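Data file: structure_11.txt. Format and content: compact mmCIF, C-alpha atoms and all ligand atoms.
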```
# COMPACT_ATOMS: atom_id res chain seq x y z
CA ALA O 643 40.52 -56.58 177.38
CA THR O 644 39.76 -53.86 174.85
CA MET O 645 40.73 -50.29 175.62
CA PRO O 646 38.35 -47.43 174.94
CA PRO O 647 39.24 -46.01 171.48
CA MET O 648 40.59 -42.68 172.77
CA LEU O 649 42.88 -44.39 175.26
CA ALA O 650 44.02 -46.88 172.62
CA SER O 651 44.87 -43.96 170.31
CA MET O 652 46.84 -42.23 173.04
CA ALA O 653 48.79 -45.43 173.56
CA THR O 654 49.40 -45.69 169.81
CA ALA O 655 50.64 -42.09 169.76
CA GLY O 656 52.95 -43.02 172.61
CA ARG O 657 54.41 -45.87 170.59
CA HIS O 658 55.11 -43.37 167.80
CA GLY O 659 57.00 -41.21 170.28
CA VAL O 660 54.28 -38.62 170.86
CA LEU O 661 53.16 -38.01 174.42
CA VAL O 662 49.55 -36.77 174.29
CA LYS O 663 48.77 -35.56 177.77
CA SER O 664 44.99 -36.14 177.85
CA ALA O 665 42.01 -37.34 175.84
CA VAL O 666 40.95 -33.70 175.52
CA VAL O 667 44.26 -32.95 173.79
CA LEU O 668 43.65 -35.81 171.37
CA GLU O 669 40.23 -34.28 170.56
CA ARG O 670 41.84 -30.91 169.98
CA LEU O 671 44.52 -32.41 167.75
CA ALA O 672 41.72 -33.77 165.56
CA ASP O 673 40.42 -30.17 165.04
CA VAL O 674 43.76 -28.63 164.05
CA ASP O 675 43.55 -26.95 160.62
CA LEU O 676 46.79 -24.97 160.67
CA VAL O 677 50.24 -25.71 162.07
CA ALA O 678 52.65 -22.95 163.09
CA LEU O 679 56.28 -24.02 163.45
CA ASP O 680 58.99 -22.23 165.34
CA LYS O 681 62.29 -22.14 163.48
CA THR O 682 65.31 -22.74 165.67
CA GLY O 683 65.21 -26.23 167.18
CA THR O 684 61.89 -27.10 165.52
CA LEU O 685 62.31 -26.83 161.74
CA THR O 686 66.07 -26.80 162.21
CA ASP O 687 68.09 -29.28 164.22
CA GLY O 688 68.84 -26.65 166.83
CA SER O 689 72.61 -26.87 166.70
CA PRO O 690 73.66 -23.91 164.55
CA GLN O 691 77.27 -23.50 163.47
CA LEU O 692 79.13 -20.25 163.87
CA VAL O 693 80.45 -19.51 160.37
CA ASP O 694 81.40 -15.81 160.39
CA VAL O 695 83.15 -13.61 162.94
CA GLU O 696 83.52 -10.05 161.65
CA PRO O 697 85.21 -7.46 163.84
CA THR O 698 83.83 -3.96 163.27
CA ALA O 699 85.91 -1.91 165.75
CA ASP O 700 89.11 -2.27 167.77
CA LEU O 701 89.00 -6.02 168.60
CA ASP O 702 90.27 -8.80 166.35
CA ALA O 703 88.13 -11.84 165.50
CA ASP O 704 89.35 -13.87 168.51
CA GLY O 705 88.68 -10.90 170.78
CA VAL O 706 85.12 -10.58 169.48
CA LEU O 707 84.57 -14.31 169.95
CA ALA O 708 86.11 -14.29 173.46
CA THR O 709 83.79 -11.44 174.46
CA ALA O 710 80.68 -13.02 172.93
CA ALA O 711 81.41 -16.50 174.35
CA ALA O 712 81.89 -15.05 177.84
CA ALA O 713 78.55 -13.22 177.69
CA GLU O 714 76.80 -16.37 176.37
CA GLY O 715 78.36 -18.68 178.98
CA SER O 716 75.06 -19.22 180.84
CA SER O 717 72.76 -19.06 177.80
CA GLU O 718 70.45 -21.99 177.05
CA HIS O 719 69.61 -20.57 173.60
CA PRO O 720 70.95 -22.55 170.61
CA VAL O 721 72.68 -19.40 169.31
CA GLY O 722 74.40 -18.88 172.66
CA ARG O 723 75.49 -22.51 172.87
CA ALA O 724 76.87 -22.32 169.33
CA VAL O 725 78.98 -19.27 170.19
CA VAL O 726 80.39 -20.97 173.30
CA ALA O 727 81.12 -24.17 171.33
CA ALA O 728 82.85 -22.25 168.53
CA ALA O 729 85.16 -20.49 171.00
CA ALA O 730 86.08 -23.86 172.55
CA ASP O 731 86.69 -25.39 169.07
CA ARG O 732 89.01 -22.56 168.10
CA GLY O 733 90.87 -22.56 171.41
CA VAL O 734 89.64 -19.06 172.26
CA GLU O 735 89.46 -18.50 176.01
CA PRO O 736 86.24 -16.64 176.98
CA GLY O 737 86.62 -13.50 179.09
CA ALA O 738 85.51 -13.32 182.73
CA ALA O 739 81.74 -12.85 182.93
CA SER O 740 79.26 -11.92 185.64
CA HIS O 741 75.74 -10.41 185.91
CA PHE O 742 74.33 -12.64 183.14
CA ARG O 743 70.81 -11.82 181.99
CA ALA O 744 68.80 -13.40 179.14
CA LEU O 745 66.68 -11.02 177.07
CA PRO O 746 63.90 -13.25 175.66
CA GLY O 747 63.84 -13.18 171.85
CA ALA O 748 66.58 -10.57 171.74
CA GLY O 749 69.84 -11.92 173.18
CA VAL O 750 71.89 -11.74 176.38
CA GLU O 751 73.63 -9.20 178.56
CA ALA O 752 76.56 -9.69 180.92
CA ARG O 753 79.58 -7.92 182.36
CA VAL O 754 82.70 -9.20 180.61
CA ASP O 755 86.16 -8.10 181.75
CA GLY O 756 84.57 -5.02 183.30
CA ARG O 757 82.60 -4.02 180.20
CA ALA O 758 78.81 -4.07 179.74
CA VAL O 759 78.32 -6.55 176.89
CA HIS O 760 75.22 -7.25 174.86
CA VAL O 761 75.03 -10.06 172.29
CA GLY O 762 71.85 -10.26 170.28
CA ALA O 763 69.68 -9.52 167.27
CA PRO O 764 70.87 -6.61 165.08
CA ARG O 765 67.79 -4.52 165.87
CA VAL O 766 69.75 -3.34 168.94
CA LEU O 767 71.84 -1.23 166.54
CA GLU O 768 68.84 1.09 166.06
CA ASP O 769 69.27 2.25 169.66
CA LEU O 770 72.99 2.92 169.58
CA THR O 771 73.43 6.13 167.60
CA GLY O 772 72.94 8.45 170.59
CA THR O 773 74.95 11.44 171.75
CA GLY O 774 77.61 12.15 174.37
CA ASP O 775 81.29 11.19 174.58
CA GLY O 776 82.55 9.34 171.53
CA ALA O 777 79.20 9.56 169.72
CA ALA O 778 80.88 10.30 166.38
CA ASP O 779 83.21 7.26 166.64
CA ARG O 780 80.32 5.14 167.74
CA ARG O 781 78.25 6.21 164.71
CA GLY O 782 81.06 4.92 162.49
CA ASP O 783 81.13 1.57 164.33
CA VAL O 784 77.34 1.33 164.15
CA ALA O 785 77.41 1.96 160.40
CA ALA O 786 80.13 -0.70 159.95
CA ALA O 787 78.15 -3.21 162.03
CA ARG O 788 74.94 -2.50 160.10
CA THR O 789 76.69 -3.05 156.78
CA ALA O 790 78.24 -6.32 157.96
CA ALA O 791 74.93 -7.49 159.46
CA ARG O 792 73.01 -6.76 156.27
CA ARG O 793 75.56 -8.56 154.11
CA LEU O 794 75.47 -11.68 156.30
CA GLU O 795 71.66 -11.61 156.42
CA GLU O 796 71.58 -11.52 152.62
CA GLN O 797 73.67 -14.71 152.71
CA GLY O 798 70.92 -16.35 154.79
CA ARG O 799 72.79 -16.28 158.07
CA THR O 800 71.29 -15.85 161.51
CA VAL O 801 73.08 -12.66 162.58
CA VAL O 802 73.94 -11.40 166.03
CA VAL O 803 75.89 -8.30 166.98
CA VAL O 804 78.34 -7.98 169.85
CA VAL O 805 78.16 -4.64 171.68
CA ALA O 806 80.57 -3.54 174.43
CA ASP O 807 79.91 -0.42 176.53
CA GLY O 808 77.35 0.81 174.01
CA ALA O 809 79.53 0.40 170.90
CA PRO O 810 79.33 -2.51 168.44
CA VAL O 811 82.60 -4.47 168.24
CA GLY O 812 81.63 -7.27 165.88
CA VAL O 813 79.02 -9.25 164.00
CA LEU O 814 78.57 -13.03 164.04
CA GLY O 815 76.91 -15.18 161.38
CA LEU O 816 75.42 -18.62 162.10
CA LEU O 817 73.87 -21.33 159.97
CA ASP O 818 71.30 -23.79 161.24
CA ARG O 819 70.46 -26.78 159.05
CA PRO O 820 66.90 -27.91 158.44
CA ARG O 821 66.04 -31.20 160.13
CA PRO O 822 66.32 -34.08 157.66
CA GLU O 823 62.58 -34.83 158.02
CA ALA O 824 61.47 -31.17 157.74
CA ALA O 825 60.57 -30.98 154.02
CA ALA O 826 58.55 -34.22 154.00
CA THR O 827 56.76 -33.16 157.19
CA VAL O 828 55.82 -29.81 155.64
CA ASP O 829 54.26 -31.66 152.67
CA ASP O 830 52.38 -34.08 154.92
CA LEU O 831 51.01 -31.26 157.07
CA ALA O 832 49.81 -29.37 154.00
CA ALA O 833 48.06 -32.49 152.69
CA LEU O 834 46.41 -33.19 156.05
CA THR O 835 45.21 -29.71 156.99
CA GLY O 836 44.69 -28.34 153.48
CA ARG O 837 47.09 -25.50 154.25
CA GLY O 838 50.85 -25.35 154.34
CA PRO O 839 52.35 -24.79 157.77
CA LEU O 840 53.41 -21.33 158.83
CA LEU O 841 56.85 -20.37 160.11
CA LEU O 842 57.00 -18.03 163.11
CA THR O 843 60.45 -16.82 164.06
CA GLY O 844 62.43 -14.19 165.87
CA ASP O 845 65.19 -14.52 163.30
CA ASN O 846 65.67 -12.10 160.40
CA ALA O 847 63.47 -12.32 157.29
CA ALA O 848 66.28 -13.34 154.91
CA ALA O 849 67.53 -16.26 157.04
CA ALA O 850 63.96 -17.37 157.73
CA GLY O 851 63.09 -17.08 154.02
CA ALA O 852 66.10 -19.17 152.98
CA LEU O 853 65.14 -21.92 155.41
CA ALA O 854 61.46 -21.73 154.39
CA ARG O 855 62.39 -22.19 150.71
CA ALA O 856 64.62 -25.14 151.57
CA VAL O 857 61.77 -27.00 153.31
CA GLY O 858 58.80 -25.82 151.23
CA VAL O 859 57.15 -23.40 153.66
CA ASP O 860 55.32 -20.56 151.85
CA THR O 861 54.31 -18.29 154.71
CA VAL O 862 56.89 -16.74 157.02
CA ARG O 863 56.54 -14.21 159.80
CA ALA O 864 60.01 -13.11 160.90
CA GLY O 865 61.54 -10.70 163.38
CA LEU O 866 58.94 -11.62 166.02
CA LEU O 867 59.47 -11.23 169.74
CA PRO O 868 57.98 -13.98 171.95
CA GLN O 869 54.81 -11.93 172.55
CA ASP O 870 54.51 -11.18 168.80
CA LYS O 871 54.47 -14.93 168.14
CA ALA O 872 51.62 -15.33 170.64
CA ASP O 873 49.76 -12.38 169.07
CA ALA O 874 50.12 -13.95 165.62
CA VAL O 875 48.56 -17.17 166.94
CA ALA O 876 45.75 -15.23 168.65
CA GLY O 877 45.08 -13.37 165.37
CA LEU O 878 44.76 -16.63 163.45
CA THR O 879 42.51 -18.03 166.17
CA ALA O 880 40.29 -14.95 165.86
CA GLU O 881 40.01 -15.73 162.13
CA GLY O 882 38.61 -19.14 163.07
CA ARG O 883 41.75 -21.24 162.66
CA ARG O 884 42.52 -24.06 165.10
CA VAL O 885 46.26 -23.61 165.37
CA ALA O 886 48.77 -26.14 166.62
CA VAL O 887 52.07 -24.50 167.59
CA VAL O 888 55.25 -26.56 167.67
CA GLY O 889 58.27 -25.15 169.45
CA ASP O 890 61.14 -25.83 171.81
CA GLY O 891 59.89 -23.49 174.53
CA ILE O 892 62.82 -21.11 174.10
CA ASN O 893 61.22 -17.77 173.21
CA ASP O 894 58.03 -19.44 172.03
CA GLY O 895 56.39 -20.27 175.39
CA PRO O 896 53.68 -17.59 175.00
CA ALA O 897 52.86 -18.89 171.48
CA LEU O 898 52.64 -22.48 172.77
CA ALA O 899 50.26 -21.24 175.49
CA ALA O 900 48.11 -19.30 172.99
CA ALA O 901 47.69 -22.32 170.68
CA HIS O 902 44.69 -24.62 170.35
CA VAL O 903 47.32 -27.31 170.98
CA GLY O 904 50.87 -26.51 172.12
CA ILE O 905 53.43 -29.15 171.15
CA ALA O 906 56.98 -29.23 172.49
CA MET O 907 60.03 -30.82 170.92
CA GLY O 908 61.31 -33.49 173.31
CA ARG O 909 65.08 -33.31 173.09
CA THR O 910 65.66 -29.62 172.42
CA GLY O 911 62.64 -28.54 174.48
CA SER O 912 63.14 -26.58 177.69
CA ASP O 913 61.90 -28.23 180.91
CA LEU O 914 59.14 -25.65 181.22
CA ALA O 915 57.92 -26.34 177.67
CA LEU O 916 57.81 -30.08 178.33
CA GLU O 917 55.73 -29.43 181.44
CA THR O 918 53.29 -26.90 180.02
CA ALA O 919 52.83 -28.20 176.46
CA ASP O 920 49.73 -30.27 175.64
CA ALA O 921 51.79 -32.82 173.77
CA VAL O 922 55.48 -33.66 173.43
CA LEU O 923 57.35 -35.09 170.43
CA VAL O 924 59.41 -37.26 172.77
CA ARG O 925 61.83 -38.53 170.11
CA ASP O 926 62.29 -35.07 168.69
CA ASP O 927 61.11 -36.39 165.32
CA LEU O 928 58.98 -33.84 163.47
CA ALA O 929 57.67 -36.56 161.13
CA GLN O 930 55.55 -37.89 164.00
CA LEU O 931 53.49 -34.70 163.98
CA PRO O 932 51.40 -35.41 160.83
CA ARG O 933 51.08 -39.05 162.01
CA VAL O 934 49.56 -38.02 165.33
CA LEU O 935 47.22 -35.49 163.65
CA ALA O 936 45.97 -38.24 161.35
CA LEU O 937 45.63 -40.63 164.28
CA ALA O 938 43.60 -38.08 166.26
CA ARG O 939 41.23 -37.68 163.30
CA ARG O 940 40.77 -41.42 162.95
CA ALA O 941 40.18 -41.79 166.71
CA ARG O 942 37.39 -39.24 166.59
CA ARG O 943 35.71 -40.99 163.67
CA VAL O 944 35.72 -44.23 165.65
CA VAL O 945 34.27 -42.59 168.75
CA ARG O 946 31.46 -40.72 166.98
P1 LIG J 1 63.55 -18.53 166.73
O1 LIG J 1 62.20 -17.91 166.50
O2 LIG J 1 64.26 -18.79 165.45
O3 LIG J 1 63.48 -19.76 167.59
P2 LIG J 1 64.36 -16.72 168.87
O4 LIG J 1 63.06 -16.02 169.00
O5 LIG J 1 64.75 -17.68 169.91
O6 LIG J 1 64.47 -17.42 167.42
O7 LIG J 1 65.52 -15.63 168.73
C1 LIG J 1 65.38 -14.59 167.81
C2 LIG J 1 66.68 -13.88 167.55
O8 LIG J 1 67.11 -13.25 168.77
C3 LIG J 1 67.83 -14.78 167.14
O9 LIG J 1 67.84 -15.00 165.73
C4 LIG J 1 69.01 -13.94 167.58
O10 LIG J 1 69.25 -12.91 166.64
C5 LIG J 1 68.51 -13.30 168.87
N1 LIG J 1 68.87 -14.07 170.06
C6 LIG J 1 68.05 -14.78 170.87
N2 LIG J 1 68.75 -15.34 171.87
C7 LIG J 1 70.03 -15.02 171.68
C8 LIG J 1 71.27 -15.29 172.36
N3 LIG J 1 71.34 -16.05 173.45
N4 LIG J 1 72.40 -14.76 171.86
C9 LIG J 1 72.37 -13.99 170.76
N5 LIG J 1 71.27 -13.71 170.07
C10 LIG J 1 70.12 -14.19 170.51
MG MG J 2 62.90 -20.96 169.34
```

Mind turning the file's structure into structure tokens?
Ligand code: ADP
Ligand code: MG
Amino acid sequence: ATMPPMLASMATAGRHGVLVKSAVVLERLADVDLVALDKTGTLTDGSPQLVDVEPTADLDADGVLATAAAAEGSSEHPVGRAVVAAAADRGVEPGAASHFRALPGAGVEARVDGRAVHVGAPRVLEDLTGTGDGAADRRGDVAAARTAARRLEEQGRTVVVVVADGAPVGVLGLLDRPRPEAAATVDDLAALTGRGPLLLTGDNAAAAGALARAVGVDTVRAGLLPQDKADAVAGLTAEGRRVAVVGDGINDGPALAAAHVGIAMGRTGSDLALETADAVLVRDDLAQLPRVLALARRARRVVR
């Protein structure tokens, strides 16, 4: 028996490791003229390494790491998992944590050994100058943390600051490698859509720029909160682009939802992303993305 062409194409996509959830999605994939990629877990392999621990106040490096790892204990973010793994590797025992809360696109909060701890993007330092008891000391710690954060950012690191009871105690630097197939995929997407893919990220501009250069991406929007990523997609849609967004569902759920087609990474993707995305790269292989776009275009030509 011969399958209808759309169904046959969906089956072919499936053999390539791409789950296309409906024939309508296949149609939409054929229209895509711009691809927006999330950074962590999409262009990168999603297992960053902690490479710098810089104390900026009264704790030593192990103390900073113990505090950060305790706060990140329940985090599903790649940065959080990297911090926890680094503490385990170095034999650093995390502190006792409770009251964990994830702050989407910003970091985490928890109580650690009786202190209110925040681990997250350096923009939190803007809010910490303040007044009241110890404000002068705190200003010194904030200045030290800002200097350390800037230096690590210039080295292309993903940077997070560790804050305890309103005062920064240290800065962490992480490195996330590009996926091996990232550079070739970027080229293939540019050839297919006539435009290079765009990088949307919550990470800092220097780290995002270093990764973009390494994989051949020309356009980067950095420092975006989850809603900013969705707004960027909506803006491009308003300009007439048909945007496919590829992400892991961690801090990019709103952007996936705003896309013409939302595509989730299979292995690193959160359960919610796998459920709500229009398509899933089941094998977590970015190289299948241009293949399925090309397949969708061919399928439409056959049908029409
Ligand atoms: P991306 O766009 O690269 O996938 P996210 O939007 O998930 O990045 O996160 C943006 C930034 O927020 C990170 O680079 C980091 O500075 C901070 N961040 C997010 N989650 C955490 C966390 N669990 N711990 C520390 N920092 C975090
Ligand atoms: Mg992400």

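Take the candidates O:Val887, O:Leu679, O:Ala901, O:Val828 and check each one against O:Ala850 using all atoms listed in the file; the shortest distance goes to O:Leu679.
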
Quiz item: Can I get the residues close to ligand MG 2 (chain J) as an MDAnalysis selection string, where close means within 7 Å and we count only C-alpha atoms and all ligand atoms?
Solution: chainID O and resid 680:683 889:894

Go ahead and write the residues just picked, C-alpha atoms, as a PDB file, in the frame of the given file.
```pdb
ATOM      1  CA  ASP O 680      58.990 -22.230 165.340  1.00  0.00           C
ATOM      2  CA  LYS O 681      62.290 -22.140 163.480  1.00  0.00           C
ATOM      3  CA  THR O 682      65.310 -22.740 165.670  1.00  0.00           C
ATOM      4  CA  GLY O 683      65.210 -26.230 167.180  1.00  0.00           C
ATOM      5  CA  GLY O 889      58.270 -25.150 169.450  1.00  0.00           C
ATOM      6  CA  ASP O 890      61.140 -25.830 171.810  1.00  0.00           C
ATOM      7  CA  GLY O 891      59.890 -23.490 174.530  1.00  0.00           C
ATOM      8  CA  ILE O 892      62.820 -21.110 174.100  1.00  0.00           C
ATOM      9  CA  ASN O 893      61.220 -17.770 173.210  1.00  0.00           C
ATOM     10  CA  ASP O 894      58.030 -19.440 172.030  1.00  0.00           C
TER      11      ASP O 894
END
```

Quiz prompt | Residues near stretch 859-861 of chain O, cut-off 6 Å, only C-alpha atoms, skip fewer than 2 positions along chain, as a ChimeraX atom specification | solution = /O:840,854,857

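The shortest atom-to-atom distance to O:Gly844, with only C-alpha atoms taken into account, belongs to O:Gly747 out of O:Gly908, O:Pro736, O:Gly705, O:Gly747.
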
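Relative to atom CA of O:Ser717, atom CA of O:Val750 is found at 7.5 Å.
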
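Note that atom CA of O:Arg821 and atom CA of O:Asp926 are 10.1 Å apart.
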
Quiz item: Counting only C-alpha atoms and all ligand atoms, which protein, DNA or RNA residues come within 9 Å of ligand LIG 1 (chain J), given as a PyMOL selection string?
Solution: chain O and resi 680-684+686+688+710+713-714+716-723+725+744-751+760-765+800-804+841-846+849-850+864-868+871+889-894
